[in-house]
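Student: Once you've had a glance at the structure underneath, I'll fire off some questions.
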Amino acid sequence: MDVNTAFDEEEVCLLLAGTKAELARGLQLLDREYRRKLSYWLRQRFPGLTAEELADCWVEALAGAYRTISTRGYDLNKPLRPFVCTILRRRAIDKVRRTTSNKDVLEQVGYALRDTQAGAKWRALNEVQRGEIQDKVRQATASLPEKQRIVMQAYVEGFPKTEEDTAELIRLVSERTGKPETRVAVTSSLREGIKKVQERLHRSGYGLGDNGEE
């Protein structure tokens, strides 16, 4: 099937059921046929997603389709488009949940610090300033060593449950690393990660507390 040939789903299914090279070719054809169509479909259902998030969803959906098909986890006698749409929709839901989680974290920070000097400063910040702090936290987290970054991301995404339940945090980290993680390793990485993020905020002029208070 060349670039000018009409999309033939039966032929693509045969490619997806073949060798690794044929599977890769089949995914290329899926990408060519469906990327714009299904990205538009996804935008209609999740209008809050940015262009970058839509692009990420598509790439992640193709990767998910690849994993499922390559392990024979999908019946290629079934239509391809609904299969891809299902994965794409799940990735979009993940994006929305993360965004909502981040907003919830900002609210939780204010609540947790409500009776402290830091809490008073936090409440005095407007939405734009809080958003700036959130961006700084993301940047600081992205620059952490791999293990600390994984733990911090799991902590934030699972907050407030990960604050209250260390076992939940260990479970989330273990899912991301693909191996059982110990309490000591996770809590140590979290402690160091938080310390480095706080230092980054202070250097950027976003320290919330005086006299070392956070």
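Labeling convention for the structure tokens: chains A, B, ... as they appear, residues from 1 per chain, ligands from 1 in order of appearance.
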Neighbouring residues of A:Leu88 were defined as those with any atom within 8 Å, considering only C-alpha atoms; residues of the same chain fewer than 3 positions away were excluded. Please report them as a list in words.

Tutor: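 These residues fall inside the cut-off: Leu42, Cys57, Trp58, Glu60, Ala61, Val84, Cys85, Arg91 and Ala92 of chain A.
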
Student: Which residues, written as number ranges by chain, have at least one atom at most 9 Å from stretch 177-181 of chain A, with only C-alpha atoms counted and residues fewer than 6 positions away on the same chain left out?

Tutor: A: 147, 150, 170-171

Student: Convert the current residue selection to file output with N, CA, C and O atoms, as a PDB file, in the first residue's frame.

Tutor:
```pdb
ATOM      1  N   LYS A 147      14.767   8.808  39.858  1.00  0.00           N
ATOM      2  CA  LYS A 147      13.982   8.178  40.924  1.00  0.00           C
ATOM      3  C   LYS A 147      13.196   9.226  41.708  1.00  0.00           C
ATOM      4  O   LYS A 147      12.005   9.034  42.015  1.00  0.00           O
ATOM      5  N   ILE A 150      10.251  10.439  39.570  1.00  0.00           N
ATOM      6  CA  ILE A 150       9.152   9.471  39.522  1.00  0.00           C
ATOM      7  C   ILE A 150       8.337   9.514  40.813  1.00  0.00           C
ATOM      8  O   ILE A 150       7.101   9.531  40.794  1.00  0.00           O
ATOM      9  N   ILE A 170       3.877   4.089  47.528  1.00  0.00           N
ATOM     10  CA  ILE A 170       4.795   3.000  47.140  1.00  0.00           C
ATOM     11  C   ILE A 170       4.201   2.209  45.983  1.00  0.00           C
ATOM     12  O   ILE A 170       4.904   1.840  45.032  1.00  0.00           O
ATOM     13  N   ARG A 171       2.900   1.974  46.033  1.00  0.00           N
ATOM     14  CA  ARG A 171       2.240   1.225  44.954  1.00  0.00           C
ATOM     15  C   ARG A 171       2.343   1.979  43.628  1.00  0.00           C
ATOM     16  O   ARG A 171       2.673   1.391  42.585  1.00  0.00           O
TER      17      ARG A 171
END
```

Student: Could you tell me which of A:Gly18, A:Ala154, A:Gln148, A:Glu52 comes closest to A:Lys196 if we count only C-alpha atoms?

Tutor: A:Gln148

Student: Which residue out of A:Val197, A:Leu80, A:Ala51, A:Ala17 has the minimum interatomic distance to A:Leu30 when only C-alpha atoms are used?

Tutor: A:Leu80

Student: Which value, in Å to one decimal, gives the distance between atom CA of A:Asn77 and atom CA of A:Phe46?

Tutor: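 Atom CA of A:Phe46 lies 29.2 Å from atom CA of A:Asn77.
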
Student: For each of A:Arg90, A:Arg45, A:Lys78, A:Arg200, take the minimum atom-to-atom distance to A:Gly64, counting only C-alpha atoms, then give the residue where this is smallest.

Tutor: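 Between A:Arg90, A:Arg45, A:Lys78, A:Arg200, the residue approaching A:Gly64 most closely is A:Arg90.
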
Student: With distances taken over only C-alpha atoms, which of A:Ala55, A:Leu144, A:Ala6, A:Ile69 is nearest to A:Glu22?

Tutor: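 Ranking A:Ala55, A:Leu144, A:Ala6, A:Ile69 by distance to A:Glu22, first place goes to A:Ile69.
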
Student: Can you work out the spacing between atom CA of A:Thr86 and atom CA of A:Glu168 in Å, to one decimal?

Tutor: 27.3 Å
